[in-house]
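First up is the structure itself, then whatever we jot down about it.
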Amino acid sequence: MTTKLMGEPVRRREDLRLITGRGRYTDDIGHGALAAAFVRSPYAHARITGIDVDAALDVDGVVAIYTYEDLVGPMAEPLPVLIPHPQLTAPRTGYPLARDVVQHVGEAVVMVVATDRYVAEDVCDRIAVAYEELPVVVGVDAAREAVHAVHEDVPDNVAARHHQETGDVEAALAASTHTLSFTQYIERSACMPMEGKGVHAVWNRDDSSLRVHTSTQASTSVRAAIAAKLQLSLEKVEVVAPDVGGGFGVKIVHPWPEELLVPMAAIALGQPVHWAEDRREHFISSAHERQQRQEITVGYDDGGRVTALDVRGWHDNGAYTPYGIIVPIVTATQLVGPYAIPVYRVRIDSVYTNTVIVTPYRGAGRPQGCYAMERTMDRIAQDLGLDRAEVRRRNLIGKDEFPYDHHLTFQDGRPVIYDSGDYEGLLDKLIALVGWDRAEERRAEAASRGKQLGIGMAMYVEGTGPGPYEGGHVQVLGSGKVLVSTGLTSQGQGHETAFAQIVAHELGVPIEDVEVTTGDTRRFGYAVGTFASRAAVMSGNAIALAARGVRAKALRIAAEVLEADVDDLEIDEGVVQVKGTPGTAIPLRTVAVLSNPLRYAFDEAARQATQFAGPGDDSKPPVAVGDAPGLEHVDYYSPIRSTFASGAHAAVVEIDPTTWEIEVVDYAVVHDCGNIVNPMIVEGQVHGGVAQGVGGALYERMAYDADGQLQNASFMDFLMPYASEVPDVVIDHQETPSPLNPLGLKGAGEAGVIPGTACIASAIEDAVGRRIAAMPISPTELYDLVRSPDAERVPAATTGVPA
Amino acid sequence: MKPAPFGYADPTSLSEALTVLQSEGEGAKVMAGGQSLLPLLSMRLASPTTLVDINRVPDLDVVAVSDDGVRVGALVRHATLLHHAGAAAVQPLLARATANVAHPAIRNRGTTVGSIAHADPSGEMTSVLALTGGSVTVATPEGSSAVDWADFFVGPLETSVHGPAVVTEAFFPALPARTGTAFEEVSRRKGDYAVCGAGVTVTLDESSRVVSARASYISVGLVPEVHDLTEAVSGRTVDEADWSAAGDLARTLVDPDGDLHASADYRRLLVGVLTERTLARAAQEAQNR
C-alpha cells in the first residue's frame, strides 16, 4: 500500500536547495546583463523643476538614462489601479518614472542603465534633479486634519470611505446596558523579505519575444501588465518567478515600476537588463502596512455580551492606491472575528500621506481588526470585573451556527459567511495549552524574582483562499515522472512538497516521481497569485482535481488493456492493478505511453508498451472524438466564496520593572486550518507568523519624521526580532474541514501574525496594570507610560518618531 | 548600495602602510576588520579615495599579556580577545565587554583596536579603554607614540589622530588588587548596539571597605567618560554599601541623548539601574580577588 501522504509531516523537498545556497533567485540569473539603478526622490513631496544629466554622460560605462520624457504610449500613463472599488472615489497612482510631482521619498525619478551596478550608481550620483519642496503630510492624524493635501485634487486626503453596517448601531448602542469608547493606534511595519524585488529581462530580436524573471507573487499578472504597457502580444511575453526569497505580500503588488522599466530598457537596448533592489530601496520604494487610528464604541449587557459595535477608523494608505482599499476592507470585515455581533457598523477612511504606499503585508488588515476587537473584549472584561476568557466565550459563535452569515461583504465581493469552525473548542484548548488558570500562581512566582508577569489572549477568524480561481496541470510521462504545474508562485512556503503530496495521494504514485513547477507562465498561463493564504486551498484543490482527471483517464485506458472494469481497478505505487488480483497490472508509465497513439520506440518505455497495445479498431480514429493524446489533465478550482480559518493565541510576558524590558516568555497557538496537508509546513508557517507578530508588537515601526524622511531605513535601526527575541511557540491543532472544497482545506499562511499585537498588548496591560493604547510598544515607551499620571493615556506618536 | 570607486592598497609592512597613507593624503582610510567601514562605503556615506588594508601587515595580530596589562594588536579580532584566558585573568573586562560586541560573525572579523579607532560612543571597547585607564599606540612616519585614552577620543567618530597614522595597538592596564569588575548592557535585541551599557570597577581596602567605585557607560554621551562614584559608597563594606545611591549619583553625572530607540530620560534611568547592578556584582567579586 502506498505510504500515507496527506496529513503527514513530509520533509520539505525544496529545503536542501534553498538552505545550501543552491536556490536560483533573480540575482543569480543572467550574469553579464546590463544593470539598472534608480535616482529616487530625496523629498517626501516636491515638484520636479529640472533634471540635468550632463555630468552623468561622461561616466565610463553608462549605457542609457531614462526619465518620464522617454516613456511612450501606455508607459506614459499612470500605473493601473489594480482593484477598483465603488467606495474608492479618489484613486491615485504614480507613473513608472515620476512626471511632475514626487509624493514620497524613494519614488523613482530617473532610471540609469550601465555596464554594472557600481557604474550605474556612479551615474546616479552625477544626475542633478532640481526640486521645489511642497508641504508634507505624514501620519493618519495629519492626513485627517488635511491642513495640506497630498494630491492637489484630493483636498481632504481621503481616497476612500469604506462603510458597512448590519443594523442601526446608534439605536442599539442607546439601548445597551453598558457602553464604552476608546481610541487606539497601530503602527506601520513592512514585509521585509530577505530578497528584495528583482527583475531580469531578455529581449530576443529574432522572434520578438521577451522573457522576464521577476521576484513576484503573481507572474501571470505581471506578464499581462508587461504585454499591455509595452504593447506586446501576450504570447510573446514569458514571465517566470524563479526561487523567490520571501514575499509576505509586497510582491503581490504589480506591476512594480521596475517590472515595466527593466523590460522596456531590454527591448530598447537589445541587451539583457537586470535590476536587484537593495535594502534601502526596499525600505523607501516598496510597500508598508498597518498604520491605523481606531475609535471604538461598544455596547454590552451585564454578562459582557456585545450588543452593538461601532468602529470609526482612519487607515494610512501612503501616497498612492494601486492595490485599492483591500487592507481597510479586510480590517473592516475580519474585525468581528469569532464573535456574534448583533449590530455592527464600521467606517474606515483610507487617507493619503506622503509616505511609501500601503499594500497587504501578511495579515493584510487582519492584525488591525483583531487588535480592535480583542482589545474591546479585554476592556469589557475589565469594566465588568470578569475573566477575559469568559467574556470571549460568552460572545463566541456557537459550533452549531455554521454556516454563519455576518451580513458583510468580503474583499472578494462575496458575503462573509463562515463555512465551519469550533471557536469554543479553540478557546478550551488554548486555556489548557497556556495554563490560563494558573496565571495568578505564575504572577506570584515571577514577582518573587522581581518580574511583573502578565498573560493575554486573542482570537481571530481569517478569510482564506479567495477566488476567483487557480488551475493545475498534471501529466504522467512515459518515464513514470509526473509533472505538475500551477500558475501561482512560491516564496519558500513549501508548495513543491505540499502539492506533490496531494498529487501522489490522489494519483497513487510515489512522491519521488512527482515534479512540481509553480509561477512559470511557460507552463501555466492562468493564475491569480499567492496571497490571502490561498495557495493550498486554491492550487491544492485545482491540482487535486487535475490529478483526479488523470486518474480517471488512466483507469479507462488500463481497463481496456487489462480487460477489466474501471471500478475494479486501483492505482498504487504507480501501478494500475485489479483489486485483489496481483499480477493483473500495468505500470502507470506504460498507460502514459499507450495514451498517445504515436509511439515511436525512442525508449524502453515505448517498447514495453507494445506488449499491451492491441491490434486497434479500424472502425474508429486512433484518438477518439472528445479524447486527446497523452495522459494529462488540466482543471480549475473556483470557490463559491472564501473559507474561514481560525485560531487563538496567548502570550505570557515578563517585564523588568527597573528597566521596563519586555520578554515574551511563553507563546501558545491553537490553530484550525481545516484538513492539514502537511503539519510540519503548517507549523512552520505559524512559527514565522508569530515571529512577525512579535516584531509588530514589540520591535518594528516605520519611523517617519515630520518631513517624511524614514529615519530607520536599514536593518540596523528597523528592528526585526532575531531568533533570540522570538519565544518558543507551542501549537495545538484543531481540524474543522471546510465543506466548500474537495480537500476540506483552509489557508494557513498568514494566521500566525494576526493576533500577535492584540495578545501581547493584552499581556503587557495585564502585567503593568496600565492601559496599552498604542502598539508597538518599546521599553522606552513603556517607561513613559507607567510614569504618566493619565491612566487613559493614548500616545499619538503616529509618525513613528517617539515624542 | 555599491561603494563609489576607491583605490585599494594592501601593504605588507607597517612602514609601507604609512608610506601609502602619506602619499594618498586625507582621502585614505585604514581598514582592519571592516565591520563599520564597509557598510559606510556601501551606503556611500563614506567615499575614501584609497582603502589601506592592513591585514597583511605582520605582528599586529598579537595579544601580549604581562603583569602590567594586556597589549592588543590592531588585527586582533574581538573573538580572539573574548576567548583569551590569559587576557581575561589580567583584565577581566576584556572578555566581559567583547562578549557584548554584536554577534559572532562580526566578532570574528571586527577588531578591538579598529573599534576603538572608529571612536563610536556606542562601542564597548572605547569605554573599556577609558575605564581601565588605557592608551593606544599610534604609528606615524615620524615614529610611534602612546596616546592616553583621554587625549585620544575627541568626539563621536572622531579622534585626535590626523594625517598618516595607524593605531597599532591598544593597551589595557591590569586590574589592580582587591578590585572587581562587571559589565552589562540593555539592548533592544540581543547583540544590538546597547541602548545603554555600563562597565564598572570597585576596589576595596583590606577590610573590605569600598575605596573606589568607577563607571563608564556605552551609548551615553559623545565620548567615553569615566565617572567616579566613590563618594556614594566610600568606606562602606560590600554588604553595607547602598549601590542604589551610586546609581542615583551616576544619573546626575551623565547627559545622554535620545534617539529612535530610547529617550534621554530612559537612558538616564538605565544608567542608574545598570550602575546599581554592576557595582554590586563587582564588589562581590572584589571580595574574592
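We label chains A, B, ... in the order they appear in the C-alpha cells, count residues from 1 in each chain, and number ligands from 1 in the order shown.
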Based on only C-alpha atoms, which of the residues in chain B come within 7 Å of chain A? I want them as a list of chain:residue names.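 Written out as asked, the residues are B:Met1, B:Lys2, B:Pro3, B:Ala4, B:Arg189, B:Lys190, B:Leu260, B:Ala262, B:Ser263, B:Tyr266, B:Leu270, B:Val273.
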How would you write, as JSON, numbers by chain, the set of residues in range 573-756 of chain A that DSSP gives as alpha helix (DSSP H)? {"A": [588, 589, 590, 591, 592, 593, 594, 604, 605, 606, 607, 608, 609, 679, 680, 681, 682, 683, 684, 685, 686, 687, 688, 689, 690, 691, 692, 693, 694, 756]}
Residues near range 107-112 of chain B, cut-off 7 Å, only C-alpha atoms, skip fewer than 2 positions along chain, as JSON, numbers by chain: {"B": [32, 33, 34, 35, 74, 75, 76, 77, 78, 79, 101, 102, 103, 104, 105, 114, 115, 116, 125]}
So which residues of range 137-211 of chain A fall under strand (DSSP E) by DSSP, listed as a ChimeraX atom specification? /A:158-165,178-186,198-204,209-211
Do you know which residues are at most 8 Å from Glu169 in chain B counting only C-alpha atoms, after dropping those on the same chain fewer than 3 positions away, and could you put them as a compact mmCIF listing (two decimals) with all heavy atoms, in the first residue's frame?
# COMPACT_ATOMS: atom_id res chain seq x y z
N LEU B 60 50.72 42.32 13.90
CA LEU B 60 49.67 43.15 14.51
C LEU B 60 48.54 42.29 15.11
O LEU B 60 47.59 42.82 15.67
CB LEU B 60 49.06 44.09 13.46
CG LEU B 60 49.97 45.19 12.92
CD1 LEU B 60 49.22 46.09 11.94
CD2 LEU B 60 50.56 46.03 14.05
N ARG B 71 48.34 44.05 25.96
CA ARG B 71 48.52 44.80 24.71
C ARG B 71 47.80 44.05 23.61
O ARG B 71 48.05 42.87 23.39
CB ARG B 71 50.00 44.93 24.38
CG ARG B 71 50.70 45.82 25.35
CD ARG B 71 52.13 46.14 24.96
NE ARG B 71 52.67 47.01 25.99
CZ ARG B 71 52.47 48.34 26.00
NH1 ARG B 71 51.82 48.94 25.02
NH2 ARG B 71 52.95 49.07 27.00
N VAL B 72 46.92 44.76 22.92
CA VAL B 72 46.09 44.14 21.89
C VAL B 72 46.47 44.75 20.56
O VAL B 72 46.31 45.96 20.35
CB VAL B 72 44.59 44.37 22.18
CG1 VAL B 72 43.74 43.76 21.09
CG2 VAL B 72 44.22 43.78 23.53
N GLY B 73 46.98 43.93 19.64
CA GLY B 73 47.41 44.41 18.34
C GLY B 73 46.24 44.78 17.45
O GLY B 73 45.09 44.35 17.67
N ALA B 74 46.53 45.56 16.43
CA ALA B 74 45.48 46.14 15.59
C ALA B 74 44.71 45.10 14.77
O ALA B 74 43.64 45.41 14.24
CB ALA B 74 46.08 47.18 14.64
N VAL B 113 40.91 47.00 18.23
CA VAL B 113 41.57 48.28 18.02
C VAL B 113 40.84 49.10 16.95
O VAL B 113 40.69 50.32 17.07
CB VAL B 113 43.06 48.06 17.65
CG1 VAL B 113 43.71 49.38 17.22
CG2 VAL B 113 43.80 47.47 18.85
N VAL B 136 46.48 54.06 23.52
CA VAL B 136 46.72 53.42 22.23
C VAL B 136 48.10 53.82 21.74
O VAL B 136 48.64 54.86 22.15
CB VAL B 136 45.66 53.82 21.17
CG1 VAL B 136 44.28 53.31 21.57
CG2 VAL B 136 45.64 55.33 20.97
N THR B 137 48.65 52.98 20.89
CA THR B 137 49.91 53.32 20.25
C THR B 137 49.63 53.75 18.83
O THR B 137 48.95 53.02 18.08
CB THR B 137 50.86 52.12 20.25
OG1 THR B 137 51.05 51.70 21.59
CG2 THR B 137 52.20 52.47 19.62
N VAL B 138 50.11 54.94 18.50
CA VAL B 138 49.86 55.49 17.18
C VAL B 138 51.17 55.55 16.42
O VAL B 138 52.13 56.19 16.87
CB VAL B 138 49.24 56.90 17.27
CG1 VAL B 138 48.99 57.46 15.86
CG2 VAL B 138 47.93 56.85 18.05
Find the nearest atom pair between each residue of range 11-72 of chain B and range 142-162 of chain B for residues within 12 Å, count only C-alpha atoms, give distances in Å to one decimal, sort rows by chain and ascending number, and present the table as JSON lines.
{"residue": "B:Leu14", "atom": "CA", "partner": "B:Gly143", "partner_atom": "CA", "distance": 10.8}
{"residue": "B:Ser15", "atom": "CA", "partner": "B:Gly143", "partner_atom": "CA", "distance": 9.7}
{"residue": "B:Leu18", "atom": "CA", "partner": "B:Glu142", "partner_atom": "CA", "distance": 9.8}
{"residue": "B:Thr19", "atom": "CA", "partner": "B:Glu142", "partner_atom": "CA", "distance": 11.1}
{"residue": "B:Leu21", "atom": "CA", "partner": "B:His162", "partner_atom": "CA", "distance": 11.0}
{"residue": "B:Gln22", "atom": "CA", "partner": "B:His162", "partner_atom": "CA", "distance": 11.1}
{"residue": "B:Gly25", "atom": "CA", "partner": "B:His162", "partner_atom": "CA", "distance": 10.2}
{"residue": "B:Glu26", "atom": "CA", "partner": "B:His162", "partner_atom": "CA", "distance": 8.5}
{"residue": "B:Gly27", "atom": "CA", "partner": "B:His162", "partner_atom": "CA", "distance": 11.5}
{"residue": "B:Ala28", "atom": "CA", "partner": "B:His162", "partner_atom": "CA", "distance": 11.3}
{"residue": "B:Lys29", "atom": "CA", "partner": "B:His162", "partner_atom": "CA", "distance": 11.1}
{"residue": "B:Ser36", "atom": "CA", "partner": "B:Leu157", "partner_atom": "CA", "distance": 10.8}
{"residue": "B:Leu37", "atom": "CA", "partner": "B:Leu157", "partner_atom": "CA", "distance": 11.3}
{"residue": "B:Arg71", "atom": "CA", "partner": "B:Ala146", "partner_atom": "CA", "distance": 11.9}
Would you put the residues from that selection into a file with N, CA, C and O atoms, as an mmCIF file, in the first residue's frame?
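The resulting file, out_5.cif, is shown below:
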data_model
loop_
_atom_site.group_PDB
_atom_site.id
_atom_site.type_symbol
_atom_site.label_atom_id
_atom_site.label_comp_id
_atom_site.auth_asym_id
_atom_site.auth_seq_id
_atom_site.Cartn_x
_atom_site.Cartn_y
_atom_site.Cartn_z
ATOM 1 N N LEU B 14 54.346 47.767 8.120
ATOM 2 C CA LEU B 14 53.804 48.996 8.703
ATOM 3 C C LEU B 14 54.366 50.219 7.981
ATOM 4 O O LEU B 14 53.636 51.179 7.697
ATOM 5 N N SER B 15 55.653 50.187 7.653
ATOM 6 C CA SER B 15 56.250 51.371 7.012
ATOM 7 C C SER B 15 55.640 51.570 5.628
ATOM 8 O O SER B 15 55.372 52.706 5.213
ATOM 9 N N LEU B 18 52.298 53.177 6.082
ATOM 10 C CA LEU B 18 52.415 54.606 6.381
ATOM 11 C C LEU B 18 52.811 55.402 5.139
ATOM 12 O O LEU B 18 52.341 56.527 4.940
ATOM 13 N N THR B 19 53.654 54.782 4.318
ATOM 14 C CA THR B 19 54.043 55.455 3.071
ATOM 15 C C THR B 19 52.827 55.668 2.174
ATOM 16 O O THR B 19 52.625 56.758 1.610
ATOM 17 N N LEU B 21 49.702 55.796 3.116
ATOM 18 C CA LEU B 21 48.828 56.784 3.755
ATOM 19 C C LEU B 21 49.345 58.199 3.522
ATOM 20 O O LEU B 21 48.577 59.124 3.276
ATOM 21 N N GLN B 22 50.649 58.329 3.587
ATOM 22 C CA GLN B 22 51.234 59.654 3.396
ATOM 23 C C GLN B 22 51.031 60.135 1.955
ATOM 24 O O GLN B 22 50.643 61.276 1.721
ATOM 25 N N GLY B 25 47.216 60.876 1.249
ATOM 26 C CA GLY B 25 46.677 62.059 1.915
ATOM 27 C C GLY B 25 45.369 61.793 2.652
ATOM 28 O O GLY B 25 45.060 60.656 3.021
ATOM 29 N N GLU B 26 44.595 62.859 2.825
ATOM 30 C CA GLU B 26 43.398 62.827 3.681
ATOM 31 C C GLU B 26 42.354 61.800 3.251
ATOM 32 O O GLU B 26 41.592 61.295 4.057
ATOM 33 N N GLY B 27 42.315 61.500 1.943
ATOM 34 C CA GLY B 27 41.259 60.596 1.452
ATOM 35 C C GLY B 27 41.496 59.143 1.758
ATOM 36 O O GLY B 27 40.616 58.317 1.552
ATOM 37 N N ALA B 28 42.669 58.799 2.268
ATOM 38 C CA ALA B 28 42.953 57.391 2.538
ATOM 39 C C ALA B 28 42.371 56.968 3.879
ATOM 40 O O ALA B 28 42.271 57.772 4.806
ATOM 41 N N LYS B 29 42.000 55.710 3.968
ATOM 42 C CA LYS B 29 41.356 55.229 5.188
ATOM 43 C C LYS B 29 41.922 53.844 5.501
ATOM 44 O O LYS B 29 42.010 52.985 4.609
ATOM 45 N N SER B 36 32.622 48.229 10.463
ATOM 46 C CA SER B 36 31.911 49.517 10.456
ATOM 47 C C SER B 36 32.136 50.255 9.148
ATOM 48 O O SER B 36 31.240 50.911 8.626
ATOM 49 N N LEU B 37 33.350 50.119 8.614
ATOM 50 C CA LEU B 37 33.722 50.918 7.449
ATOM 51 C C LEU B 37 33.001 50.477 6.171
ATOM 52 O O LEU B 37 32.502 51.323 5.412
ATOM 53 N N ARG B 71 48.344 44.051 25.962
ATOM 54 C CA ARG B 71 48.517 44.799 24.711
ATOM 55 C C ARG B 71 47.801 44.047 23.613
ATOM 56 O O ARG B 71 48.047 42.869 23.393
#
What is the CA of Ser285 in chain A to CA of Val356 in chain A distance in Å?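 Taking CA of Ser285 in chain A as the start and CA of Val356 in chain A as the end point, the length is 6.1 Å.
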Distance query Ala85 in chain B at most 12 Å, only C-alpha atoms, self and fewer than 5 positions along chain excluded, as a list in words: Val63, Ala64, Val65, Val70, Ala79, Thr80, Val90, Gln91, Pro92, Leu93, Leu94, Ala95 and Arg96 of chain B
Restrict the selected residues to C-alpha atoms and save them as a PDB file, in the first residue's frame.
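Result file result-v8.pdb:
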ATOM      1  CA  VAL B  63      47.697  39.696  22.306  1.00  0.00           C
ATOM      2  CA  ALA B  64      50.588  40.289  24.688  1.00  0.00           C
ATOM      3  CA  VAL B  65      49.821  39.718  28.344  1.00  0.00           C
ATOM      4  CA  VAL B  70      47.222  43.494  28.038  1.00  0.00           C
ATOM      5  CA  ALA B  79      36.530  36.850  19.174  1.00  0.00           C
ATOM      6  CA  THR B  80      40.202  36.233  19.951  1.00  0.00           C
ATOM      7  CA  VAL B  90      44.845  40.137  33.964  1.00  0.00           C
ATOM      8  CA  GLN B  91      41.934  42.353  32.878  1.00  0.00           C
ATOM      9  CA  PRO B  92      38.551  40.600  33.151  1.00  0.00           C
ATOM     10  CA  LEU B  93      36.707  43.493  31.492  1.00  0.00           C
ATOM     11  CA  LEU B  94      38.161  42.500  28.113  1.00  0.00           C
ATOM     12  CA  ALA B  95      36.234  39.235  27.871  1.00  0.00           C
ATOM     13  CA  ARG B  96      33.201  40.664  29.621  1.00  0.00           C
TER      14      ARG B  96
END
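Among the candidates A:Glu441, A:Leu562, A:Val53, A:Gly471, the one nearest to Thr584 in chain A when counting only C-alpha atoms is A:Leu562.
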